[in-house]
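File shown here: entry.cif, holding mmCIF, C-alpha atoms and all ligand atoms.
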```
data_target
#
loop_
_atom_site.group_PDB
_atom_site.id
_atom_site.type_symbol
_atom_site.label_atom_id
_atom_site.label_comp_id
_atom_site.auth_asym_id
_atom_site.auth_seq_id
_atom_site.Cartn_x
_atom_site.Cartn_y
_atom_site.Cartn_z
ATOM 1 C CA MET A 1327 -15.057 22.230 -51.638
ATOM 2 C CA SER A 1328 -18.861 22.424 -51.832
ATOM 3 C CA HIS A 1329 -20.917 24.097 -49.073
ATOM 4 C CA GLN A 1330 -22.016 20.701 -47.743
ATOM 5 C CA ASP A 1331 -18.508 19.224 -47.347
ATOM 6 C CA PRO A 1332 -17.317 19.016 -43.749
ATOM 7 C CA PRO A 1333 -14.171 20.995 -43.064
ATOM 8 C CA ALA A 1334 -11.005 18.962 -43.587
ATOM 9 C CA PRO A 1335 -9.667 17.625 -40.277
ATOM 10 C CA PRO A 1336 -6.682 19.620 -39.138
ATOM 11 C CA ALA A 1337 -3.367 17.878 -39.610
ATOM 12 C CA LEU A 1338 0.027 18.186 -38.052
ATOM 13 C CA THR A 1339 3.221 17.991 -39.987
ATOM 14 C CA TRP A 1340 5.741 15.682 -38.423
ATOM 15 C CA THR A 1341 9.274 15.834 -39.756
ATOM 16 C CA GLU A 1342 12.383 13.955 -38.747
ATOM 17 C CA LYS A 1343 13.587 17.209 -37.188
ATOM 18 C CA ASN A 1344 10.563 18.040 -35.039
ATOM 19 C CA TYR A 1345 10.133 14.411 -33.923
ATOM 20 C CA ARG A 1346 13.796 14.314 -32.842
ATOM 21 C CA ALA A 1347 13.276 17.639 -31.019
ATOM 22 C CA LEU A 1348 10.353 16.099 -29.115
ATOM 23 C CA GLU A 1349 12.427 13.020 -28.251
ATOM 24 C CA LYS A 1350 15.219 15.276 -27.032
ATOM 25 C CA PHE A 1351 12.812 17.251 -24.866
ATOM 26 C CA VAL A 1352 11.351 14.081 -23.321
ATOM 27 C CA LEU A 1353 14.819 12.700 -22.602
ATOM 28 C CA SER A 1354 16.127 15.844 -20.939
ATOM 29 C CA TYR A 1355 12.904 16.465 -19.012
ATOM 30 C CA SER A 1356 12.207 12.950 -17.734
ATOM 31 C CA GLY A 1357 15.119 10.643 -18.583
ATOM 32 C CA ILE A 1358 12.765 8.622 -20.785
ATOM 33 C CA ILE A 1359 14.015 7.273 -24.112
ATOM 34 C CA MET A 1360 10.995 7.506 -26.369
ATOM 35 C CA ASP A 1361 12.345 4.984 -28.836
ATOM 36 C CA ARG A 1362 12.610 2.376 -26.127
ATOM 37 C CA VAL A 1363 9.093 2.760 -24.853
ATOM 38 C CA ALA A 1364 7.017 4.305 -27.566
ATOM 39 C CA GLN A 1365 4.482 1.663 -28.416
ATOM 40 C CA LYS A 1366 2.662 1.566 -31.713
ATOM 41 C CA GLY A 1367 0.359 4.490 -32.145
ATOM 42 C CA VAL A 1368 2.146 6.818 -29.764
ATOM 43 C CA ARG A 1369 2.725 9.427 -32.466
ATOM 44 C CA ASP A 1370 -0.996 9.340 -33.324
ATOM 45 C CA ARG A 1371 -1.897 9.816 -29.668
ATOM 46 C CA ILE A 1372 0.467 12.767 -29.383
ATOM 47 C CA THR A 1373 -0.974 14.227 -32.603
ATOM 48 C CA GLN A 1374 -4.534 13.961 -31.230
ATOM 49 C CA HIS A 1375 -3.414 15.497 -27.972
ATOM 50 C CA ILE A 1376 -1.681 18.439 -29.636
ATOM 51 C CA LEU A 1377 -4.714 19.125 -31.819
ATOM 52 C CA SER A 1378 -7.053 18.865 -28.825
ATOM 53 C CA LEU A 1379 -5.078 21.714 -27.275
ATOM 54 C CA GLY A 1380 -5.871 23.854 -30.303
ATOM 55 C CA VAL A 1381 -2.180 23.950 -31.216
ATOM 56 C CA SER A 1382 -1.494 23.617 -34.919
ATOM 57 C CA SER A 1383 2.200 22.785 -35.141
ATOM 58 C CA VAL A 1384 4.663 20.528 -33.364
ATOM 59 C CA GLU A 1385 7.013 23.493 -33.064
ATOM 60 C CA ASP A 1386 4.396 25.532 -31.149
ATOM 61 C CA TYR A 1387 3.685 22.527 -28.934
ATOM 62 C CA LEU A 1388 7.387 22.264 -28.114
ATOM 63 C CA LEU A 1389 7.416 25.937 -27.145
ATOM 64 C CA LEU A 1390 4.442 25.336 -24.856
ATOM 65 C CA LEU A 1391 6.133 22.339 -23.251
ATOM 66 C CA HIS A 1392 9.122 24.489 -22.348
ATOM 67 C CA SER A 1393 6.958 27.069 -20.596
ATOM 68 C CA ARG A 1394 7.309 27.112 -16.799
ATOM 69 C CA LYS A 1395 3.539 26.895 -16.333
ATOM 70 C CA SER A 1396 3.145 23.711 -18.361
ATOM 71 C CA ALA A 1397 3.785 21.053 -15.679
ATOM 72 C CA ALA A 1398 0.395 19.414 -16.314
ATOM 73 C CA LEU A 1399 1.023 19.433 -20.057
ATOM 74 C CA ARG A 1400 4.402 17.803 -19.605
ATOM 75 C CA GLY A 1401 2.821 15.196 -17.330
ATOM 76 C CA GLU A 1402 0.190 14.522 -19.963
ATOM 77 C CA LEU A 1403 2.861 13.981 -22.606
ATOM 78 C CA ILE A 1404 4.632 11.497 -20.321
ATOM 79 C CA SER A 1405 1.343 9.660 -19.802
ATOM 80 C CA LEU A 1406 0.936 9.330 -23.578
ATOM 81 C CA ILE A 1407 4.356 7.736 -23.846
ATOM 82 C CA THR A 1408 4.466 5.548 -20.751
ATOM 83 C CA VAL A 1409 1.961 3.086 -19.340
ATOM 84 C CA SER A 1410 0.403 4.154 -16.038
ATOM 85 C CA GLU A 1411 -0.830 0.620 -15.432
ATOM 86 C CA SER A 1412 -0.689 -0.407 -11.777
ATOM 87 C CA TYR A 1413 -2.617 -2.556 -9.325
ATOM 88 C CA PHE A 1414 -2.745 -3.298 -5.618
ATOM 89 C CA PHE A 1415 -0.128 -5.713 -4.248
ATOM 90 C CA ARG A 1416 1.624 -6.148 -7.586
ATOM 91 C CA ASN A 1417 4.517 -8.589 -7.071
ATOM 92 C CA PRO A 1418 3.083 -9.691 -3.699
ATOM 93 C CA ASP A 1419 6.241 -11.417 -2.435
ATOM 94 C CA GLN A 1420 7.964 -8.062 -2.049
ATOM 95 C CA PHE A 1421 5.090 -6.872 0.130
ATOM 96 C CA ARG A 1422 5.091 -10.104 2.151
ATOM 97 C CA TYR A 1423 8.816 -9.690 2.732
ATOM 98 C CA ILE A 1424 8.364 -6.079 3.835
ATOM 99 C CA ALA A 1425 5.600 -7.021 6.288
ATOM 100 C CA ARG A 1426 7.147 -10.161 7.746
ATOM 101 C CA THR A 1427 10.869 -9.448 7.655
ATOM 102 C CA LEU A 1428 11.867 -5.929 6.731
ATOM 103 C CA LEU A 1429 9.619 -3.795 8.940
ATOM 104 C CA PRO A 1430 10.342 -5.854 12.092
ATOM 105 C CA ARG A 1431 14.073 -5.654 11.321
ATOM 106 C CA LEU A 1432 13.967 -1.916 10.678
ATOM 107 C CA ALA A 1433 12.015 -1.342 13.885
ATOM 108 C CA GLU A 1434 14.545 -3.397 15.838
ATOM 109 C CA ASN A 1435 17.603 -1.733 14.331
ATOM 110 C CA ARG A 1436 16.597 1.847 15.051
ATOM 111 C CA GLN A 1437 18.445 2.088 18.333
ATOM 112 C CA GLU A 1438 21.508 0.178 17.202
ATOM 113 C CA LEU A 1439 21.910 2.539 14.231
ATOM 114 C CA GLY A 1440 21.220 5.630 16.290
ATOM 115 C CA LEU A 1441 18.153 6.442 14.191
ATOM 116 C CA ARG A 1442 14.892 8.086 15.233
ATOM 117 C CA ARG A 1443 11.909 5.808 15.749
ATOM 118 C CA GLU A 1444 10.538 6.795 12.393
ATOM 119 C CA ILE A 1445 10.430 4.645 9.272
ATOM 120 C CA ARG A 1446 10.255 6.504 5.971
ATOM 121 C CA VAL A 1447 8.858 4.900 2.863
ATOM 122 C CA LEU A 1448 8.910 6.285 -0.676
ATOM 123 C CA SER A 1449 6.992 4.902 -3.639
ATOM 124 C CA ALA A 1450 8.686 6.605 -6.603
ATOM 125 C CA GLY A 1451 6.839 6.547 -9.919
ATOM 126 C CA CYS A 1452 3.677 5.550 -8.048
ATOM 127 C CA SER A 1453 1.292 6.152 -10.938
ATOM 128 C CA THR A 1454 -2.288 6.364 -9.621
ATOM 129 C CA GLY A 1455 -1.397 5.216 -6.113
ATOM 130 C CA GLU A 1456 -2.114 1.483 -5.978
ATOM 131 C CA GLU A 1457 1.490 0.670 -5.020
ATOM 132 C CA THR A 1458 1.611 3.418 -2.378
ATOM 133 C CA TYR A 1459 -1.647 2.334 -0.730
ATOM 134 C CA SER A 1460 -0.433 -1.287 -0.703
ATOM 135 C CA LEU A 1461 2.697 -0.177 1.143
ATOM 136 C CA ALA A 1462 0.593 2.029 3.400
ATOM 137 C CA ALA A 1463 -1.730 -0.862 4.313
ATOM 138 C CA ILE A 1464 1.234 -2.926 5.499
ATOM 139 C CA CYS A 1465 2.799 0.018 7.328
ATOM 140 C CA LEU A 1466 -0.450 0.980 9.054
ATOM 141 C CA TRP A 1467 -0.953 -2.642 10.108
ATOM 142 C CA PHE A 1468 2.594 -2.724 11.505
ATOM 143 C CA GLN A 1469 2.379 0.682 13.134
ATOM 144 C CA ARG A 1470 -0.765 -0.285 15.042
ATOM 145 C CA ARG A 1471 1.273 -3.078 16.614
ATOM 146 C CA HIS A 1472 4.139 -0.694 17.412
ATOM 147 C CA PRO A 1473 2.455 2.539 18.484
ATOM 148 C CA ASP A 1474 5.777 4.093 19.574
ATOM 149 C CA LEU A 1475 6.987 3.933 15.966
ATOM 150 C CA ALA A 1476 6.189 6.662 13.436
ATOM 151 C CA ILE A 1477 5.896 5.644 9.786
ATOM 152 C CA THR A 1478 5.537 7.989 6.833
ATOM 153 C CA VAL A 1479 4.586 6.804 3.371
ATOM 154 C CA VAL A 1480 4.967 9.087 0.355
ATOM 155 C CA GLY A 1481 3.873 8.364 -3.207
ATOM 156 C CA ALA A 1482 5.409 10.452 -5.991
ATOM 157 C CA ASP A 1483 4.947 10.614 -9.739
ATOM 158 C CA ILE A 1484 5.955 12.938 -12.551
ATOM 159 C CA ASN A 1485 2.399 13.139 -13.844
ATOM 160 C CA PRO A 1486 0.216 15.572 -11.822
ATOM 161 C CA ARG A 1487 -2.923 13.879 -13.131
ATOM 162 C CA ASN A 1488 -1.787 10.537 -11.695
ATOM 163 C CA VAL A 1489 -1.014 12.221 -8.391
ATOM 164 C CA GLU A 1490 -4.473 13.792 -8.315
ATOM 165 C CA GLN A 1491 -6.126 10.413 -8.910
ATOM 166 C CA ALA A 1492 -3.924 8.817 -6.267
ATOM 167 C CA ARG A 1493 -5.029 11.428 -3.731
ATOM 168 C CA GLU A 1494 -8.679 10.746 -4.532
ATOM 169 C CA GLY A 1495 -8.171 7.042 -3.866
ATOM 170 C CA LEU A 1496 -11.015 5.931 -6.144
ATOM 171 C CA TYR A 1497 -10.486 2.761 -8.158
ATOM 172 C CA ARG A 1498 -12.165 0.318 -10.489
ATOM 173 C CA ALA A 1499 -12.154 -3.440 -9.986
ATOM 174 C CA ARG A 1500 -9.124 -3.746 -12.316
ATOM 175 C CA SER A 1501 -6.884 -2.169 -9.683
ATOM 176 C CA PHE A 1502 -7.809 -4.921 -7.228
ATOM 177 C CA ARG A 1503 -7.536 -7.800 -9.658
ATOM 178 C CA LYS A 1504 -4.754 -9.551 -7.720
ATOM 179 C CA VAL A 1505 -6.218 -8.952 -4.269
ATOM 180 C CA SER A 1506 -7.967 -11.920 -2.733
ATOM 181 C CA ARG A 1507 -10.845 -11.480 -0.327
ATOM 182 C CA ASP A 1508 -8.645 -12.920 2.448
ATOM 183 C CA LEU A 1509 -6.124 -10.173 1.991
ATOM 184 C CA ARG A 1510 -8.843 -7.585 2.494
ATOM 185 C CA HIS A 1511 -9.340 -8.935 5.985
ATOM 186 C CA GLU A 1512 -5.762 -9.888 6.803
ATOM 187 C CA PHE A 1513 -4.922 -6.443 8.096
ATOM 188 C CA GLY A 1514 -7.626 -6.242 10.740
ATOM 189 C CA PHE A 1515 -9.073 -3.190 9.020
ATOM 190 C CA PRO A 1516 -10.778 -2.761 5.650
ATOM 191 C CA LEU A 1517 -8.572 -1.312 2.901
ATOM 192 C CA TYR A 1518 -11.432 -0.025 0.799
ATOM 193 C CA ARG A 1519 -15.186 0.096 0.549
ATOM 194 C CA GLU A 1520 -17.458 -0.468 -2.389
ATOM 195 C CA ILE A 1521 -19.069 2.593 -3.918
ATOM 196 C CA PRO A 1522 -21.574 2.678 -6.823
ATOM 197 C CA ASP A 1523 -19.019 2.655 -9.621
ATOM 198 C CA GLY A 1524 -15.961 1.166 -7.995
ATOM 199 C CA TYR A 1525 -14.014 1.228 -4.758
ATOM 200 C CA ALA A 1526 -12.855 3.961 -2.420
ATOM 201 C CA VAL A 1527 -9.767 3.628 -0.254
ATOM 202 C CA GLU A 1528 -10.730 3.831 3.426
ATOM 203 C CA GLU A 1529 -10.126 7.172 5.123
ATOM 204 C CA ASP A 1530 -7.612 5.816 7.667
ATOM 205 C CA LEU A 1531 -5.428 4.570 4.868
ATOM 206 C CA ARG A 1532 -5.862 7.715 2.808
ATOM 207 C CA ARG A 1533 -4.803 9.876 5.740
ATOM 208 C CA PHE A 1534 -1.754 7.689 6.282
ATOM 209 C CA VAL A 1535 -0.129 8.600 2.930
ATOM 210 C CA GLN A 1536 0.990 11.741 1.182
ATOM 211 C CA PHE A 1537 1.176 12.142 -2.586
ATOM 212 C CA LYS A 1538 3.259 14.618 -4.500
ATOM 213 C CA THR A 1539 4.414 15.441 -7.980
ATOM 214 C CA LEU A 1540 8.082 14.562 -8.348
ATOM 215 C CA ASN A 1541 10.252 14.201 -11.396
ATOM 216 C CA LEU A 1542 12.962 11.631 -10.706
ATOM 217 C CA LYS A 1543 15.146 13.419 -13.243
ATOM 218 C CA ASP A 1544 15.337 16.265 -10.761
ATOM 219 C CA LEU A 1545 17.863 14.651 -8.422
ATOM 220 C CA ASP A 1546 17.928 17.770 -6.224
ATOM 221 C CA ALA A 1547 14.198 17.447 -5.555
ATOM 222 C CA LEU A 1548 14.791 13.883 -4.387
ATOM 223 C CA LYS A 1549 17.152 15.007 -1.649
ATOM 224 C CA CYS A 1550 14.308 15.652 0.794
ATOM 225 C CA HIS A 1551 13.870 11.876 0.887
ATOM 226 C CA ALA A 1552 17.251 11.377 2.530
ATOM 227 C CA GLY A 1553 16.852 9.049 5.510
ATOM 228 C CA SER A 1554 14.417 6.725 3.715
ATOM 229 C CA ASP A 1555 14.167 3.100 4.798
ATOM 230 C CA ILE A 1556 12.179 1.645 1.926
ATOM 231 C CA ILE A 1557 12.160 2.914 -1.652
ATOM 232 C CA MET A 1558 9.973 1.263 -4.261
ATOM 233 C CA CYS A 1559 10.651 2.304 -7.810
ATOM 234 C CA ARG A 1560 9.010 -0.378 -9.882
ATOM 235 C CA ASN A 1561 8.334 -0.502 -13.587
ATOM 236 C CA VAL A 1562 9.771 2.969 -14.036
ATOM 237 C CA LEU A 1563 13.462 2.338 -14.775
ATOM 238 C CA ILE A 1564 12.567 0.454 -17.944
ATOM 239 C CA TYR A 1565 11.900 3.804 -19.573
ATOM 240 C CA PHE A 1566 15.183 5.428 -18.650
ATOM 241 C CA GLU A 1567 18.493 5.664 -20.445
ATOM 242 C CA ASP A 1568 21.372 3.787 -18.816
ATOM 243 C CA THR A 1569 23.414 6.732 -17.524
ATOM 244 C CA PHE A 1570 20.388 8.215 -15.804
ATOM 245 C CA ARG A 1571 19.352 4.828 -14.436
ATOM 246 C CA ASN A 1572 22.811 4.410 -12.866
ATOM 247 C CA ALA A 1573 22.742 7.933 -11.435
ATOM 248 C CA LEU A 1574 19.332 7.186 -9.920
ATOM 249 C CA MET A 1575 20.612 3.952 -8.332
ATOM 250 C CA GLN A 1576 23.442 5.932 -6.741
ATOM 251 C CA MET A 1577 20.974 8.550 -5.588
ATOM 252 C CA PHE A 1578 18.684 5.940 -4.004
ATOM 253 C CA GLN A 1579 21.714 4.372 -2.318
ATOM 254 C CA GLY A 1580 22.550 7.762 -0.804
ATOM 255 C CA LEU A 1581 18.963 8.403 0.303
ATOM 256 C CA LEU A 1582 18.545 5.098 2.126
ATOM 257 C CA ASN A 1583 19.496 4.505 5.727
ATOM 258 C CA PRO A 1584 21.906 1.594 6.227
ATOM 259 C CA GLY A 1585 19.894 -1.624 6.087
ATOM 260 C CA GLY A 1586 17.168 0.152 4.094
ATOM 261 C CA MET A 1587 15.942 -1.494 0.912
ATOM 262 C CA LEU A 1588 15.218 -0.621 -2.696
ATOM 263 C CA PHE A 1589 12.613 -2.602 -4.634
ATOM 264 C CA LEU A 1590 12.483 -2.624 -8.419
ATOM 265 C CA GLY A 1591 9.941 -4.159 -10.781
ATOM 266 C CA GLU A 1592 9.774 -7.899 -11.393
ATOM 267 C CA THR A 1593 11.361 -7.632 -14.832
ATOM 268 C CA GLU A 1594 13.806 -4.881 -13.976
ATOM 269 C CA SER A 1595 16.544 -6.795 -12.188
ATOM 270 C CA LEU A 1596 19.843 -5.104 -12.909
ATOM 271 C CA ALA A 1597 22.663 -6.946 -14.715
ATOM 272 C CA VAL A 1598 25.055 -5.841 -11.971
ATOM 273 C CA VAL A 1599 24.116 -5.218 -8.347
ATOM 274 C CA PRO A 1600 24.644 -1.455 -7.943
ATOM 275 C CA ALA A 1601 27.529 -0.296 -5.742
ATOM 276 C CA GLY A 1602 26.662 -0.087 -2.070
ATOM 277 C CA PHE A 1603 23.815 -2.625 -2.310
ATOM 278 C CA GLU A 1604 23.491 -6.353 -1.821
ATOM 279 C CA LEU A 1605 20.878 -8.488 -3.543
ATOM 280 C CA VAL A 1606 18.374 -9.994 -1.123
ATOM 281 C CA PRO A 1607 15.923 -12.762 -2.039
ATOM 282 C CA CYS A 1608 12.419 -11.854 -0.891
ATOM 283 C CA LEU A 1609 10.570 -15.172 -1.166
ATOM 284 C CA ARG A 1610 10.320 -15.527 -4.970
ATOM 285 C CA ALA A 1611 11.226 -11.894 -5.612
ATOM 286 C CA TYR A 1612 14.266 -9.709 -4.947
ATOM 287 C CA GLY A 1613 15.223 -6.467 -3.315
ATOM 288 C CA TYR A 1614 18.443 -4.482 -2.899
ATOM 289 C CA ARG A 1615 19.642 -3.806 0.631
ATOM 290 C CA LYS A 1616 21.914 -0.875 1.341
ATOM 291 C CA LEU A 1617 25.139 -2.140 2.845
ATOM 292 C CA HIS A 1618 26.381 -0.719 6.113
ATOM 293 C CA PRO A 1619 29.295 1.654 5.497
ATOM 294 C CA THR A 1620 31.754 -0.732 7.178
ATOM 295 C CA VAL A 1621 30.840 -3.547 4.775
ATOM 296 C CA HIS A 1622 30.880 -1.209 1.811
ATOM 297 C CA SER A 1623 34.321 0.340 2.381
ATOM 298 C CA PRO A 1624 37.047 -1.175 0.138
HETATM 299 C C1 LIG B 1701 4.055 1.612 -15.203
HETATM 300 S S1 LIG B 1701 3.844 2.908 -14.046
HETATM 301 C C2 LIG B 1701 4.442 2.092 -12.589
HETATM 302 C C3 LIG B 1701 3.495 2.213 -11.424
HETATM 303 C C4 LIG B 1701 3.894 1.448 -10.162
HETATM 304 N N1 LIG B 1701 5.220 1.796 -9.724
HETATM 305 C C5 LIG B 1701 3.794 -0.056 -10.387
HETATM 306 O O1 LIG B 1701 4.808 -0.714 -10.594
HETATM 307 O O2 LIG B 1701 2.668 -0.567 -10.359
HETATM 308 C C6 LIG B 1701 5.193 4.002 -14.449
HETATM 309 C C7 LIG B 1701 5.064 5.384 -13.813
HETATM 310 O O3 LIG B 1701 6.324 6.048 -13.870
HETATM 311 C C8 LIG B 1701 6.073 7.428 -13.961
HETATM 312 N N2 LIG B 1701 7.288 8.110 -14.410
HETATM 313 C C9 LIG B 1701 7.881 8.047 -15.628
HETATM 314 N N3 LIG B 1701 8.957 8.856 -15.658
HETATM 315 C C10 LIG B 1701 9.060 9.434 -14.431
HETATM 316 C C11 LIG B 1701 9.962 10.365 -13.842
HETATM 317 N N4 LIG B 1701 10.988 10.892 -14.545
HETATM 318 N N5 LIG B 1701 9.760 10.741 -12.553
HETATM 319 C C12 LIG B 1701 8.717 10.233 -11.839
HETATM 320 N N6 LIG B 1701 7.826 9.347 -12.353
HETATM 321 C C13 LIG B 1701 8.001 8.949 -13.631
HETATM 322 C C14 LIG B 1701 4.921 7.492 -14.965
HETATM 323 O O4 LIG B 1701 4.218 8.716 -14.870
HETATM 324 C C15 LIG B 1701 4.077 6.284 -14.541
HETATM 325 O O5 LIG B 1701 3.056 6.657 -13.652
#
```
Translate this file's structure into structure tokens.
Amino acid sequence: MSHQDPPAPPALTWTEKNYRALEKFVLSYSGIIMDRVAQKGVRDRITQHILSLGVSSVEDYLLLLHSRKSAALRGELISLITVSESYFFRNPDQFRYIARTLLPRLAENRQELGLRREIRVLSAGCSTGEETYSLAAICLWFQRRHPDLAITVVGADINPRNVEQAREGLYRARSFRKVSRDLRHEFGFPLYREIPDGYAVEEDLRRFVQFKTLNLKDLDALKCHAGSDIIMCRNVLIYFEDTFRNALMQMFQGLLNPGGMLFLGETESLAVVPAGFELVPCLRAYGYRKLHPTVHSP
């Protein structure tokens, strides 16, 4: 090499063994099957990421990933493998159903079921928050008409960076691409305001939701959502292996109050309706309603 030559770019050595070790880590950490989701170029993105950390081997990167303090790093890896794509009021019929049918029914049934006048909503795998704020807009609108009713809306994602962005509530036009101007005014309050380089979720709406980092693979951590009435987990299951997906369905069934509903992504309908649920048409979409124990018993 002459003095003028730039230094050779650092390279990583991938082997069958270290790639399989990474796949195994991702599966046990998040339930995600890399093979199923890894789009073209994912290995290159991971390579760039590892090098940007100043780490020079896949083996050292794996060691780092296992360290207790590496939650952000693990989240970053997940974001390289999955797509964090989301937008406001995605699959709008589910939201229409929640506003027009489900919330009024849940509010009505509280007394009959011996439940507190609180409705609990979880948006699981919420990415950067668009889904959670859409739910929150509907819930805030409903709650203002039923002031005696408390509603909590929680958005949760494995990736701390997504959760941070969700908390900030700052978006580009892309996130609102399916929101018509009418919808902005339908609620009787503005959902967001324009700022120089995008949109900011209005303070009332921001205060109405909580965001947290949550790994769905950690079923124990999910237990604090027992007593939920609405769980949205959309465009997340596609990444998971079947056994974990089934365990998660069972978990959601256990977390929901009777009559509560689970909503999955448009293309994620399950081949078999999971035990303890019934399939409910929601205009042109679907949801899964938890059966009352009496209906469920054999
Ligand atoms: C395509 S986004 C879906 C966003 C939103 N639910 C929607 O449908 O618009 C998938 C999200 O799932 C999250 N995710 C993947 N595995 C997860 C896990 N084990 N626990 C929690 N979130 C997970 C990813 O970080 C990503 O933000």
How big is the axis-aligned box around all listed atoms of range 1567-1575 of chain A once 3 Å goes on each side, and where's its centre, in Å to one decimal, as JSON?
```
{"center_x": 21.0, "center_y": 6.0, "center_z": -14.4, "size_x": 10.9, "size_y": 10.4, "size_z": 18.1}
```
Shell of 8 Å around ligand LIG 1701 (chain B) (all atoms listed in the file), written as a PyMOL selection string
chain A and resi 1355-1358+1401+1404-1405+1408-1414+1416+1449-1457+1482-1485+1488+1539-1544+1558-1563+1565-1566+1591
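For range 1601-1613 of chain A, the residues within 8 Å (counting only C-alpha atoms, excluding itself and residues fewer than 3 positions away along the chain) are Asn1417, Asp1419, Gln1420, Tyr1423, Gln1576, Gln1579, Met1587, Leu1588, Phe1589, Leu1590, Glu1592, Lys1616, Leu1617 and His1622 of chain A.
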Taking only C-alpha atoms into account, name the residue in A:Asp1370, A:Glu1434, A:His1618, A:Lys1538 that is nearest to Arg1487 in chain A.
A:Lys1538
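Considering only C-alpha atoms, the residue among A:Leu1475, A:Val1381, A:Leu1429, A:Val1480 positioned nearest to Thr1458 in chain A is A:Val1480.
Contact shell of Ser1378 in chain A at 12 Å (all atoms listed in the file; same-chain neighbours under 4 positions omitted): Pro1335, Pro1336, Ala1337, Leu1338, Arg1371, Ile1372, Thr1373, Gln1374, Ser1382, Ser1383, Tyr1387 and Leu1399 of chain A.
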Who sits within 10 Å of Glu1520 in chain A, only C-alpha atoms, same chain under 4 positions skipped, as a PyMOL selection string:
chain A and resi 1496-1499+1524-1528
Expressed in Å, the length from CA of Lys1343 in chain A to CA of Arg1369 in chain A is 14.2 Å
Between A:Trp1467, A:Phe1570, A:Pro1473, A:Leu1448, which has the minimum distance to Cys1550 in chain A (counting only C-alpha atoms)?
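Smallest distance to Cys1550 in chain A is found for A:Leu1448.
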